$ cat upload.txt   # compact mmCIF, C-alpha atoms and all ligand atoms
# COMPACT_ATOMS: atom_id res chain seq x y z
CA MET A 1 -23.56 -2.68 -10.09
CA LYS A 2 -23.56 -6.40 -9.37
CA TYR A 3 -21.73 -5.95 -6.08
CA ASN A 4 -22.86 -3.79 -3.21
CA PHE A 5 -20.35 -1.45 -1.63
CA ASP A 6 -22.96 0.55 0.29
CA THR A 7 -23.65 -2.01 3.00
CA GLU A 8 -22.35 -0.92 6.38
CA ILE A 9 -20.75 -3.82 8.22
CA ASN A 10 -20.36 -3.76 11.96
CA ARG A 11 -16.67 -4.51 12.42
CA SER A 12 -16.54 -3.72 16.14
CA GLU A 13 -15.48 -6.54 18.42
CA THR A 14 -13.94 -8.53 15.59
CA SER A 15 -10.39 -7.78 16.81
CA SER A 16 -10.25 -5.28 13.98
CA VAL A 17 -7.22 -3.01 14.20
CA LYS A 18 -9.15 -0.23 12.48
CA TYR A 19 -12.13 -0.33 14.83
CA ASP A 20 -11.18 -2.05 18.05
CA LEU A 21 -7.92 -0.17 18.59
CA ARG A 22 -9.42 3.29 18.28
CA GLU A 23 -9.18 4.04 21.99
CA THR A 24 -5.53 2.91 22.01
CA ILE A 25 -4.52 4.82 18.88
CA PHE A 26 -6.61 7.98 19.13
CA GLY A 27 -7.59 8.11 22.79
CA LYS A 28 -11.22 8.20 21.66
CA SER A 29 -13.19 5.06 20.87
CA ASP A 30 -15.86 6.62 18.65
CA VAL A 31 -13.88 8.42 15.95
CA ILE A 32 -14.95 7.49 12.42
CA PRO A 33 -11.97 5.26 11.54
CA MET A 34 -10.45 6.37 8.25
CA TRP A 35 -6.87 5.46 8.90
CA VAL A 36 -5.17 2.03 8.56
CA ALA A 37 -5.24 0.67 5.00
CA ASP A 38 -8.05 -1.80 5.06
CA MET A 39 -11.51 -1.55 3.57
CA ASP A 40 -14.95 -1.66 5.22
CA PHE A 41 -16.67 -3.44 2.32
CA GLU A 42 -17.96 -6.96 2.61
CA THR A 43 -15.67 -9.61 1.22
CA PRO A 44 -17.24 -10.84 -2.03
CA ASP A 45 -19.16 -14.11 -2.02
CA PHE A 46 -16.68 -16.03 -4.19
CA ILE A 47 -13.90 -15.47 -1.65
CA ARG A 48 -16.06 -16.26 1.36
CA GLU A 49 -17.35 -19.41 -0.31
CA ALA A 50 -13.83 -20.62 -1.07
CA VAL A 51 -12.79 -20.08 2.56
CA ILE A 52 -15.93 -21.79 3.88
CA GLU A 53 -15.50 -24.72 1.51
CA ARG A 54 -11.98 -25.27 2.80
CA ALA A 55 -13.15 -24.86 6.40
CA ASN A 56 -15.75 -27.56 5.78
CA ASN A 57 -12.90 -30.04 5.68
CA PRO A 58 -12.21 -29.89 9.39
CA VAL A 59 -8.48 -30.52 9.43
CA PHE A 60 -6.13 -27.55 9.14
CA GLY A 61 -2.72 -29.21 9.05
CA TYR A 62 0.51 -28.16 7.29
CA THR A 63 -0.21 -27.03 3.78
CA PHE A 64 1.83 -26.25 0.68
CA ARG A 65 1.02 -24.06 -2.28
CA ASP A 66 0.43 -26.13 -5.39
CA SER A 67 0.76 -25.07 -9.02
CA ASP A 68 -2.80 -23.77 -9.01
CA TYR A 69 -1.79 -21.07 -6.53
CA TYR A 70 1.16 -19.94 -8.66
CA ASN A 71 -0.79 -20.13 -11.93
CA HIS A 72 -3.42 -17.78 -10.58
CA ILE A 73 -0.76 -15.20 -9.72
CA ILE A 74 1.07 -15.71 -13.04
CA ASN A 75 -2.13 -15.29 -15.05
CA TRP A 76 -3.19 -12.22 -13.07
CA LEU A 77 0.14 -10.45 -13.54
CA ASN A 78 0.17 -11.30 -17.23
CA GLU A 79 -3.41 -10.28 -17.89
CA HIS A 80 -3.55 -7.10 -15.83
CA HIS A 81 0.03 -5.88 -15.88
CA GLN A 82 1.45 -7.49 -19.03
CA TRP A 83 4.16 -8.95 -16.86
CA LYS A 84 5.32 -12.46 -17.67
CA VAL A 85 6.62 -14.19 -14.58
CA GLU A 86 7.88 -17.76 -14.16
CA LYS A 87 6.65 -19.85 -11.25
CA ASP A 88 10.18 -20.14 -9.85
CA SER A 89 10.43 -16.36 -9.52
CA ILE A 90 7.51 -16.17 -7.08
CA LEU A 91 8.37 -16.59 -3.40
CA PHE A 92 5.83 -16.62 -0.62
CA CYS A 93 5.99 -14.22 2.30
CA PRO A 94 3.32 -13.76 4.97
CA GLY A 95 3.40 -10.01 4.47
CA VAL A 96 4.98 -7.25 2.46
CA VAL A 97 6.38 -5.49 5.52
CA PRO A 98 8.23 -8.65 6.62
CA ALA A 99 9.50 -8.88 3.04
CA LEU A 100 10.88 -5.33 3.21
CA ASN A 101 12.71 -6.22 6.39
CA PHE A 102 14.09 -9.47 4.96
CA ALA A 103 15.26 -7.65 1.85
CA VAL A 104 17.13 -5.13 3.96
CA LEU A 105 18.75 -7.94 5.97
CA ALA A 106 19.44 -10.07 2.91
CA TYR A 107 20.92 -7.48 0.56
CA THR A 108 22.54 -4.87 2.76
CA LYS A 109 24.95 -4.63 5.70
CA PRO A 110 24.83 -2.41 8.82
CA ASN A 111 25.48 1.24 7.93
CA ASP A 112 24.71 0.68 4.23
CA LYS A 113 22.71 3.51 2.71
CA ILE A 114 19.15 2.83 1.69
CA ILE A 115 17.04 5.38 -0.15
CA ILE A 116 13.35 6.03 0.39
CA GLN A 117 11.08 8.80 -0.83
CA SER A 118 9.11 10.48 1.92
CA PRO A 119 6.37 11.13 2.77
CA VAL A 120 6.05 7.38 2.53
CA TYR A 121 4.44 4.34 4.17
CA PHE A 122 6.02 4.44 7.65
CA PRO A 123 7.28 0.81 7.91
CA PHE A 124 9.82 1.75 5.22
CA PHE A 125 11.59 3.80 7.91
CA GLY A 126 11.49 0.95 10.41
CA ALA A 127 12.85 -1.59 7.94
CA ILE A 128 15.97 0.57 7.60
CA LYS A 129 16.48 1.97 11.07
CA SER A 130 15.73 -1.14 13.11
CA HIS A 131 18.50 -3.01 11.29
CA ASN A 132 20.99 -0.17 11.72
CA ARG A 133 21.17 0.80 8.09
CA GLU A 134 21.51 4.44 7.09
CA LEU A 135 18.36 6.07 5.83
CA VAL A 136 18.78 8.41 2.86
CA ASN A 137 15.71 10.44 2.08
CA ASN A 138 15.01 11.42 -1.50
CA GLN A 139 12.08 13.55 -0.37
CA LEU A 140 9.29 13.97 -2.91
CA VAL A 141 8.71 17.50 -4.15
CA LYS A 142 5.28 19.06 -3.73
CA THR A 143 4.37 21.14 -6.80
CA GLU A 144 1.24 22.85 -8.06
CA ALA A 145 0.65 19.80 -10.25
CA GLY A 146 1.25 17.26 -7.47
CA TYR A 147 4.17 15.27 -6.11
CA ILE A 148 7.24 14.61 -8.25
CA ILE A 149 10.61 12.94 -7.78
CA ASP A 150 13.80 14.96 -7.25
CA PHE A 151 15.90 13.11 -9.82
CA ASP A 152 18.99 15.31 -9.43
CA LEU A 153 19.09 14.54 -5.73
CA LEU A 154 18.45 10.84 -6.44
CA GLU A 155 21.40 10.78 -8.85
CA GLU A 156 23.66 12.17 -6.10
CA GLN A 157 22.29 9.88 -3.40
CA ALA A 158 22.50 6.76 -5.56
CA LYS A 159 26.30 7.12 -5.88
CA ASP A 160 26.95 5.44 -2.56
CA ALA A 161 23.64 3.75 -1.77
CA VAL A 162 22.96 0.02 -1.91
CA LEU A 163 19.19 -0.19 -2.16
CA LEU A 164 16.21 1.97 -3.10
CA ILE A 165 12.84 1.09 -1.60
CA LEU A 166 10.31 2.37 -4.10
CA CYS A 167 6.61 2.68 -3.32
CA ASN A 168 4.93 1.99 -6.66
CA PRO A 169 2.15 3.19 -6.63
CA HIS A 170 2.98 5.59 -3.86
CA ASN A 171 1.30 5.54 -0.47
CA PRO A 172 0.35 8.11 0.87
CA VAL A 173 0.54 10.68 -1.94
CA GLY A 174 -1.29 8.42 -4.40
CA ARG A 175 1.00 8.71 -7.40
CA ALA A 176 0.93 5.93 -10.00
CA TRP A 177 4.46 6.55 -11.28
CA THR A 178 4.61 6.83 -15.06
CA ARG A 179 6.78 4.67 -17.23
CA SER A 180 9.09 7.57 -17.97
CA GLU A 181 9.52 8.37 -14.27
CA LEU A 182 10.31 4.72 -13.57
CA GLU A 183 12.73 4.60 -16.49
CA ARG A 184 14.62 7.55 -15.03
CA ILE A 185 14.79 5.83 -11.64
CA ALA A 186 15.91 2.62 -13.33
CA SER A 187 18.67 4.27 -15.32
CA ILE A 188 20.05 5.92 -12.17
CA CYS A 189 19.95 2.62 -10.24
CA LEU A 190 21.57 0.66 -13.07
CA LYS A 191 24.28 3.30 -13.49
CA HIS A 192 25.16 3.23 -9.79
CA ASN A 193 24.62 -0.46 -9.36
CA ILE A 194 21.98 -0.31 -6.68
CA LEU A 195 19.14 -2.72 -6.05
CA VAL A 196 15.49 -1.70 -6.07
CA LEU A 197 12.72 -3.09 -3.93
CA SER A 198 9.54 -2.08 -5.71
CA ASP A 199 6.60 -2.40 -3.34
CA GLU A 200 3.65 -2.90 -5.68
CA ILE A 201 1.01 -3.89 -3.14
CA HIS A 202 -1.32 -1.14 -4.49
CA ALA A 203 -0.77 -2.12 -8.15
CA ASP A 204 -4.30 -3.41 -8.67
CA LEU A 205 -5.99 -0.30 -7.30
CA VAL A 206 -5.19 2.28 -9.93
CA LEU A 207 -7.98 4.77 -10.57
CA PRO A 208 -9.50 5.52 -14.00
CA GLY A 209 -7.20 7.44 -16.33
CA TYR A 210 -4.00 6.00 -14.87
CA LYS A 211 -2.01 2.83 -15.32
CA HIS A 212 0.23 0.77 -13.09
CA GLU A 213 3.70 0.23 -14.52
CA VAL A 214 5.63 -2.75 -13.16
CA PHE A 215 9.12 -1.50 -12.39
CA ALA A 216 10.78 -4.84 -13.21
CA ASN A 217 9.01 -4.85 -16.57
CA ILE A 218 11.05 -1.94 -17.89
CA SER A 219 13.77 -4.24 -19.23
CA PRO A 220 15.52 -7.54 -18.38
CA GLU A 221 18.44 -5.51 -16.96
CA VAL A 222 16.06 -3.70 -14.62
CA ALA A 223 14.36 -6.97 -13.66
CA ALA A 224 17.77 -8.32 -12.68
CA ILE A 225 18.23 -5.65 -9.98
CA THR A 226 14.63 -5.68 -8.73
CA ILE A 227 12.75 -7.37 -5.92
CA THR A 228 9.00 -6.82 -6.35
CA THR A 229 6.39 -7.25 -3.64
CA HIS A 230 2.81 -7.94 -4.62
CA ALA A 231 -0.26 -9.23 -2.77
CA PRO A 232 -4.02 -9.67 -2.98
CA SER A 233 -4.32 -8.14 0.49
CA LYS A 234 -5.08 -4.48 -0.40
CA THR A 235 -7.13 -5.20 -3.53
CA PHE A 236 -9.36 -7.86 -1.99
CA ASN A 237 -9.00 -6.77 1.63
CA LEU A 238 -7.31 -9.92 2.85
CA ALA A 239 -4.70 -8.45 5.19
CA GLY A 240 -5.89 -10.74 7.96
CA LEU A 241 -4.99 -13.77 5.86
CA ALA A 242 -1.27 -12.93 5.69
CA THR A 243 -0.48 -13.95 2.11
CA SER A 244 1.82 -12.08 -0.26
CA SER A 245 4.42 -12.63 -2.95
CA VAL A 246 7.99 -11.56 -3.47
CA ILE A 247 8.90 -11.79 -7.14
CA ILE A 248 12.58 -12.00 -7.98
CA THR A 249 13.68 -12.98 -11.47
CA ASN A 250 17.42 -12.86 -10.71
CA PRO A 251 18.26 -16.37 -9.37
CA ASP A 252 21.17 -15.14 -7.23
CA LEU A 253 19.03 -12.56 -5.46
CA ARG A 254 16.23 -15.07 -5.15
CA ARG A 255 18.40 -17.69 -3.47
CA VAL A 256 19.44 -15.25 -0.76
CA PHE A 257 15.85 -14.24 -0.05
CA GLN A 258 14.61 -17.81 0.00
CA LEU A 259 17.24 -18.66 2.62
CA PHE A 260 15.66 -16.13 4.98
CA ILE A 261 12.22 -17.59 4.48
CA ASP A 262 13.52 -21.12 4.99
CA ASP A 263 15.74 -20.37 7.97
CA LEU A 264 12.96 -18.57 9.79
CA HIS A 265 10.45 -21.24 8.84
CA ILE A 266 7.79 -18.81 7.74
CA GLY A 267 7.17 -20.20 4.27
CA MET A 268 4.28 -22.43 5.24
CA GLY A 269 1.68 -19.70 5.20
CA ASN A 270 -1.99 -19.83 5.91
CA ILE A 271 -4.46 -22.34 4.45
CA PHE A 272 -7.19 -19.76 4.08
CA GLY A 273 -4.78 -17.30 2.50
CA ILE A 274 -4.11 -19.79 -0.26
CA VAL A 275 -7.75 -20.42 -1.14
CA ALA A 276 -8.63 -16.73 -0.82
CA SER A 277 -5.74 -15.78 -3.10
CA ASN A 278 -6.87 -18.34 -5.70
CA ALA A 279 -10.47 -17.14 -5.57
CA SER A 280 -9.44 -13.48 -5.77
CA TYR A 281 -7.16 -13.83 -8.75
CA GLY A 282 -9.33 -16.46 -10.40
CA LYS A 283 -12.73 -14.80 -10.06
CA GLY A 284 -12.16 -11.31 -8.73
CA ASN A 285 -11.62 -8.98 -11.65
CA GLU A 286 -15.22 -7.90 -12.08
CA TRP A 287 -15.48 -7.16 -8.37
CA ARG A 288 -12.19 -5.24 -8.52
CA MET A 289 -13.38 -3.12 -11.45
CA GLN A 290 -16.59 -2.21 -9.61
CA LEU A 291 -14.62 -1.50 -6.45
CA ILE A 292 -12.39 0.91 -8.37
CA GLU A 293 -15.46 2.67 -9.77
CA TYR A 294 -16.89 3.01 -6.26
CA LEU A 295 -13.60 4.27 -4.83
CA ASN A 296 -13.29 6.76 -7.67
CA ASP A 297 -16.79 8.07 -6.91
CA ASN A 298 -15.77 8.45 -3.26
CA VAL A 299 -12.71 10.40 -4.35
CA ASN A 300 -14.89 12.60 -6.59
CA TYR A 301 -17.26 13.19 -3.69
CA VAL A 302 -14.48 14.23 -1.29
CA GLU A 303 -12.74 16.39 -3.87
CA LYS A 304 -15.91 18.27 -4.77
CA PHE A 305 -17.14 18.58 -1.18
CA ILE A 306 -13.88 20.09 -0.02
CA ARG A 307 -13.58 22.39 -3.05
CA VAL A 308 -17.05 23.78 -2.40
CA ASN A 309 -17.14 23.81 1.40
CA ILE A 310 -13.61 23.84 2.80
CA PRO A 311 -11.38 25.20 0.01
CA ALA A 312 -8.52 25.96 2.39
CA ILE A 313 -7.78 22.22 2.51
CA ARG A 314 -5.73 21.11 -0.48
CA VAL A 315 -6.74 17.71 -1.86
CA PHE A 316 -4.14 15.63 -3.64
CA ARG A 317 -6.33 13.55 -5.88
CA PRO A 318 -4.96 9.99 -5.83
CA GLU A 319 -4.06 8.27 -9.09
CA ALA A 320 -3.95 4.97 -7.21
CA THR A 321 -4.74 3.56 -3.74
CA TYR A 322 -7.82 4.39 -1.67
CA MET A 323 -6.02 7.04 0.33
CA ILE A 324 -6.48 10.77 -0.09
CA TRP A 325 -3.66 13.02 1.01
CA LEU A 326 -5.04 16.22 2.48
CA ASP A 327 -2.95 19.32 3.05
CA PHE A 328 -4.00 21.64 5.92
CA LEU A 329 -0.92 23.87 5.78
CA GLY A 330 -3.12 26.86 4.94
CA TYR A 331 -4.49 26.78 8.50
CA GLY A 332 -1.07 27.38 10.04
CA LEU A 333 -1.63 24.83 12.82
CA THR A 334 1.06 22.81 14.52
CA ASP A 335 0.92 19.11 13.76
CA GLU A 336 -0.07 18.37 17.34
CA ILE A 337 -3.03 20.75 17.20
CA LEU A 338 -4.04 19.47 13.76
CA LYS A 339 -4.09 15.94 15.12
CA ARG A 340 -6.01 16.81 18.27
CA LYS A 341 -8.57 18.89 16.37
CA MET A 342 -9.20 16.00 13.99
CA ILE A 343 -9.76 13.54 16.81
CA PHE A 344 -11.45 15.57 19.50
CA GLU A 345 -13.32 18.23 17.51
CA ALA A 346 -14.10 16.50 14.21
CA GLY A 347 -14.27 13.01 15.69
CA LEU A 348 -12.28 11.57 12.81
CA GLY A 349 -9.49 9.00 12.95
CA LEU A 350 -7.05 9.82 10.16
CA ASN A 351 -3.32 9.14 9.89
CA ALA A 352 -1.16 12.12 10.78
CA GLY A 353 1.02 13.23 7.87
CA THR A 354 4.08 13.37 10.09
CA ASP A 355 3.88 9.59 10.56
CA PHE A 356 5.03 9.36 6.94
CA GLY A 357 8.22 11.30 7.59
CA PRO A 358 9.58 14.60 6.30
CA GLY A 359 7.16 16.29 3.93
CA GLY A 360 4.16 15.03 5.87
CA GLU A 361 3.92 18.16 8.02
CA GLY A 362 0.51 19.81 7.97
CA CYS A 363 -1.02 16.87 6.10
CA MET A 364 -3.30 13.95 6.93
CA ARG A 365 -4.16 10.70 5.13
CA LEU A 366 -7.83 9.87 4.65
CA ASN A 367 -8.93 6.29 3.86
CA ILE A 368 -12.07 6.39 1.68
CA ALA A 369 -12.52 2.60 1.27
CA CYS A 370 -15.86 2.63 3.04
CA PRO A 371 -19.53 3.10 2.16
CA ARG A 372 -20.45 6.51 0.74
CA LYS A 373 -22.57 7.24 3.83
CA THR A 374 -19.46 7.07 6.01
CA VAL A 375 -17.59 9.41 3.67
CA GLU A 376 -20.51 11.85 3.71
CA ALA A 377 -20.69 11.80 7.50
CA ALA A 378 -16.95 12.39 7.72
CA MET A 379 -17.08 15.32 5.32
CA LEU A 380 -19.83 17.00 7.36
CA ARG A 381 -17.71 16.68 10.49
CA LEU A 382 -14.69 18.07 8.66
CA LYS A 383 -16.73 21.02 7.42
CA GLU A 384 -17.99 21.85 10.91
CA VAL A 385 -14.46 22.17 12.21
CA TYR A 386 -12.59 23.59 9.22
CA ALA A 387 -15.03 25.61 7.12
CA ASN A 388 -14.63 28.68 9.31
CA ALA A 389 -11.40 27.91 11.14
C1 LIG B 401 3.04 0.44 0.49
C2 LIG B 401 2.58 -0.62 1.44
N1 LIG B 401 3.32 -1.72 1.62
C3 LIG B 401 2.93 -2.70 2.48
C4 LIG B 401 1.75 -2.61 3.19
C5 LIG B 401 1.33 -3.67 4.16
O1 LIG B 401 1.80 -4.89 3.79
P1 LIG B 401 1.53 -6.19 4.69
O2 LIG B 401 0.26 -5.98 5.43
O3 LIG B 401 1.47 -7.29 3.69
O4 LIG B 401 2.72 -6.34 5.59
C6 LIG B 401 0.95 -1.46 3.02
C7 LIG B 401 -0.28 -1.31 3.79
O5 LIG B 401 -0.91 -0.31 3.81
C8 LIG B 401 1.37 -0.46 2.13
O6 LIG B 401 0.64 0.65 1.93
$ encode --input "upload.txt" --output "structure tokens"
Amino acid sequence: MKYNFDTEINRSETSSVKYDLRETIFGKSDVIPMWVADMDFETPDFIREAVIERANNPVFGYTFRDSDYYNHIINWLNEHHQWKVEKDSILFCPGVVPALNFAVLAYTKPNDKIIIQSPVYFPFFGAIKSHNRELVNNQLVKTEAGYIIDFDLLEEQAKDAVLLILCNPHNPVGRAWTRSELERIASICLKHNILVLSDEIHADLVLPGYKHEVFANISPEVAAITITTHAPSKTFNLAGLATSSVIITNPDLRRVFQLFIDDLHIGMGNIFGIVASNASYGKGNEWRMQLIEYLNDNVNYVEKFIRVNIPAIRVFRPEATYMIWLDFLGYGLTDEILKRKMIFEAGLGLNAGTDFGPGGEGCMRLNIACPRKTVEAAMLRLKEVYANA
């Protein structure tokens, strides 16, 4: 491998949410942090160099995104997702979570029904509830083969809903929805005239054997009802640079969204986010492919280790994302005890499944975007607590 994912970086005292908030989040400052979705790998040289080069010009005034910025995104989406997007369709937003909130405010009214599919990334709940919209849960169904969508329920729920917030690929259960699954969702949403926000922030982290399908790419009719969020922040670990895209091909929907960005004056963005985005999309594919290989090996390691040593834990092998959804239901513990055991006995900082809403009971989300050594240490701790529990 040209790039090194084994190096352990000391992230403590860098104002890192993952490391420096451990005491606040877990009540224990030395848990191995395998929770919030960022990666412990070093940022590749071509991104660091781009940021340093910009920093070498010592004035950081107001900045705009030129055509270079948009062309990098357009080329990336075309090359890796066969999605042809015009420059005008790409809007800037400092984050995907703000974009979810703006979409809810822009396209729905108080008490409107918005569908999500739990267990799901928890800010989806906040984006609905904090603006007094009605949350409708199309809970995913856990089967022997993995998580699937309850389409009959979705058909019923869509009748009087206004918006579906789709997590594509899905965090935390790791599904990379297939084209036929997305087509079924699309036909229901078109039939009942509801909009879809497809959060595709994990699109570039699909594991070998699977493919990301862009929801808006299903057909021009589907594109016309879709707001897509995309970003380099998960793939290249740039969350601290606050740079993401909202892609809306329908000009009427786009105008409404742009008004929010303009009125709130948040469209300026971050100088370093611009150069890092350009470097990532311009030079980052080889790094990304090696990253995916490394993540996949981490997944293989965890899957095998648990199968051999702690078979009572069910592993949902991810098709995308660097999260592994682990099911501890076989232990019959309450969620509170499961959480406390993980922190205070195993010394591991994972996300509790219940944070992701109904369906998360008895589960935990493990972030394996870290050097293999860290994963190995975590597995040994897990074994000590759960092998004979
Ligand atoms: C599905 C999903 N959307 C959005 C985000 C975060 O987006 P941002 O940091 O750009 O607000 C995450 C982070 O884990 C995520 O998993």
$ closest_residue --input "upload.txt" --among "A:Ile32, A:Val256, A:Ile201, A:Val17" --to "ligand LIG 401 (chain B)" --atoms "all atoms listed in the file"
A:Ile201
$ residues_around --input "upload.txt" --residues "Phe316 in chain A" --least-positions-apart "3" --cutoff "9 Å" --atoms "all atoms listed in the file" --output "list in words"
Gly146, Tyr147, Val173, Gly174, Glu303, Ile324, Trp325, Leu326 and Asp327 of chain A
$ axis_aligned_box --input "upload.txt" --around "ligand LIG 401 (chain B)" --padding-each-side "8 Å" --output "lines of an AutoDock Vina configuration file"
center_x = 1.2
center_y = -3.3
center_z = 3.0
size_x = 20.2
size_y = 23.9
size_z = 21.1
$ residues_around --input "upload.txt" --residues "Pro169 in chain A" --least-positions-apart "2" --cutoff "10 Å" --atoms "all atoms listed in the file" --output "list of chain:residue names"
A:Leu166, A:Cys167, A:Asn171, A:Pro172, A:Val173, A:Gly174, A:Arg175, A:Ala176, A:Trp177, A:Thr178, A:Ser198, A:Asp199, A:Glu200, A:Ile201, A:His202, A:Ala203, A:Asp204, A:Leu205, A:Val206, A:Lys211, A:His212, A:Glu213, A:Val214, A:Pro318, A:Glu319, A:Ala320, A:Thr321
$ atom_distance --input "upload.txt" --atom1 "CA of Val120 in chain A" --atom2 "CA of Pro98 in chain A"
16.7 Å
$ residues_near_ligand --input "upload.txt" --ligand "ligand LIG 401 (chain B)" --cutoff "10 Å" --atoms "only C-alpha atoms and all ligand atoms" --output "PyMOL selection string"
chain A and resi 35-38+93-100+120-124+166-172+198-203+229-234+238-245+321-323
$ atom_distance --input "upload.txt" --atom1 "CA of Leu366 in chain A" --atom2 "CA of Met379 in chain A"
10.8 Å
$ closest_residue --input "upload.txt" --among "A:Gly332, A:Asn278, A:Ser118, A:Gly61" --to "Asp355 in chain A" --atoms "all atoms listed in the file"
A:Ser118
$ atom_distance --input "upload.txt" --atom1 "CA of His131 in chain A" --atom2 "CA of Arg365 in chain A"
27.2 Å
$ closest_residue --input "upload.txt" --among "A:Ser187, A:Asn101, A:Asn137, A:Asn309" --to "Ala387 in chain A" --atoms "all atoms listed in the file"
A:Asn309
$ closest_residue --input "upload.txt" --among "A:Ile128, A:Ala106, A:Ile52, A:Leu135" --to "Asp252 in chain A" --atoms "all atoms listed in the file"
A:Ala106
$ closest_residue --input "upload.txt" --among "A:Ala103, A:Glu181, A:Gln290, A:Ile248" --to "Ile218 in chain A" --atoms "all atoms listed in the file"
A:Glu181
$ closest_residue --input "upload.txt" --among "A:Lys191, A:Lys109, A:Gly357, A:Leu382" --to "Asn138 in chain A" --atoms "all atoms listed in the file"
A:Gly357
$ residues_near_point --input "upload.txt" --point "(-6.7, -26.4, 8.9)" --cutoff "12 Å" --atoms "all atoms listed in the file" --output "number ranges by chain"
A: 51-64, 269-275
$ residues_around --input "upload.txt" --residues "Gly362 in chain A" --least-positions-apart "4" --cutoff "12 Å" --atoms "only C-alpha atoms" --output "ChimeraX atom specification"
/A:119,313-314,325-339,351-358
$ build_atoms --input "upload.txt" --residues "range 326-344 of chain A" --atoms "N, CA and C atoms" --output "compact mmCIF listing (two decimals), keeping the file's coordinate frame"
# COMPACT_ATOMS: atom_id res chain seq x y z
N LEU A 326 -4.45 14.90 2.29
CA LEU A 326 -5.04 16.22 2.48
C LEU A 326 -4.02 17.16 3.12
N ASP A 327 -3.95 18.36 2.59
CA ASP A 327 -2.95 19.32 3.05
C ASP A 327 -3.67 20.47 3.78
N PHE A 328 -3.36 20.60 5.08
CA PHE A 328 -4.00 21.64 5.92
C PHE A 328 -3.03 22.79 6.20
N LEU A 329 -1.96 22.88 5.45
CA LEU A 329 -0.92 23.87 5.78
C LEU A 329 -1.48 25.30 5.82
N GLY A 330 -2.51 25.53 4.99
CA GLY A 330 -3.12 26.86 4.94
C GLY A 330 -3.67 27.33 6.28
N TYR A 331 -3.92 26.41 7.20
CA TYR A 331 -4.49 26.78 8.50
C TYR A 331 -3.42 27.23 9.49
N GLY A 332 -2.16 26.95 9.16
CA GLY A 332 -1.07 27.38 10.04
C GLY A 332 -1.07 26.72 11.41
N LEU A 333 -1.59 25.52 11.51
CA LEU A 333 -1.63 24.83 12.82
C LEU A 333 -0.37 24.01 13.03
N THR A 334 -0.04 23.76 14.28
CA THR A 334 1.06 22.81 14.52
C THR A 334 0.50 21.41 14.25
N ASP A 335 1.39 20.47 14.04
CA ASP A 335 0.92 19.11 13.76
C ASP A 335 0.16 18.52 14.94
N GLU A 336 0.60 18.89 16.15
CA GLU A 336 -0.07 18.37 17.34
C GLU A 336 -1.50 18.89 17.42
N ILE A 337 -1.67 20.17 17.13
CA ILE A 337 -3.03 20.75 17.20
C ILE A 337 -3.90 20.18 16.07
N LEU A 338 -3.30 20.04 14.90
CA LEU A 338 -4.04 19.47 13.76
C LEU A 338 -4.58 18.08 14.12
N LYS A 339 -3.72 17.30 14.74
CA LYS A 339 -4.09 15.94 15.12
C LYS A 339 -5.21 15.95 16.17
N ARG A 340 -5.03 16.77 17.18
CA ARG A 340 -6.01 16.81 18.27
C ARG A 340 -7.37 17.33 17.79
N LYS A 341 -7.32 18.34 16.93
CA LYS A 341 -8.57 18.89 16.37
C LYS A 341 -9.32 17.81 15.59
N MET A 342 -8.57 17.03 14.83
CA MET A 342 -9.20 16.00 13.99
C MET A 342 -9.88 14.96 14.87
N ILE A 343 -9.20 14.59 15.94
CA ILE A 343 -9.76 13.54 16.81
C ILE A 343 -10.87 14.10 17.69
N PHE A 344 -10.55 15.16 18.42
CA PHE A 344 -11.45 15.57 19.50
C PHE A 344 -12.50 16.59 19.07
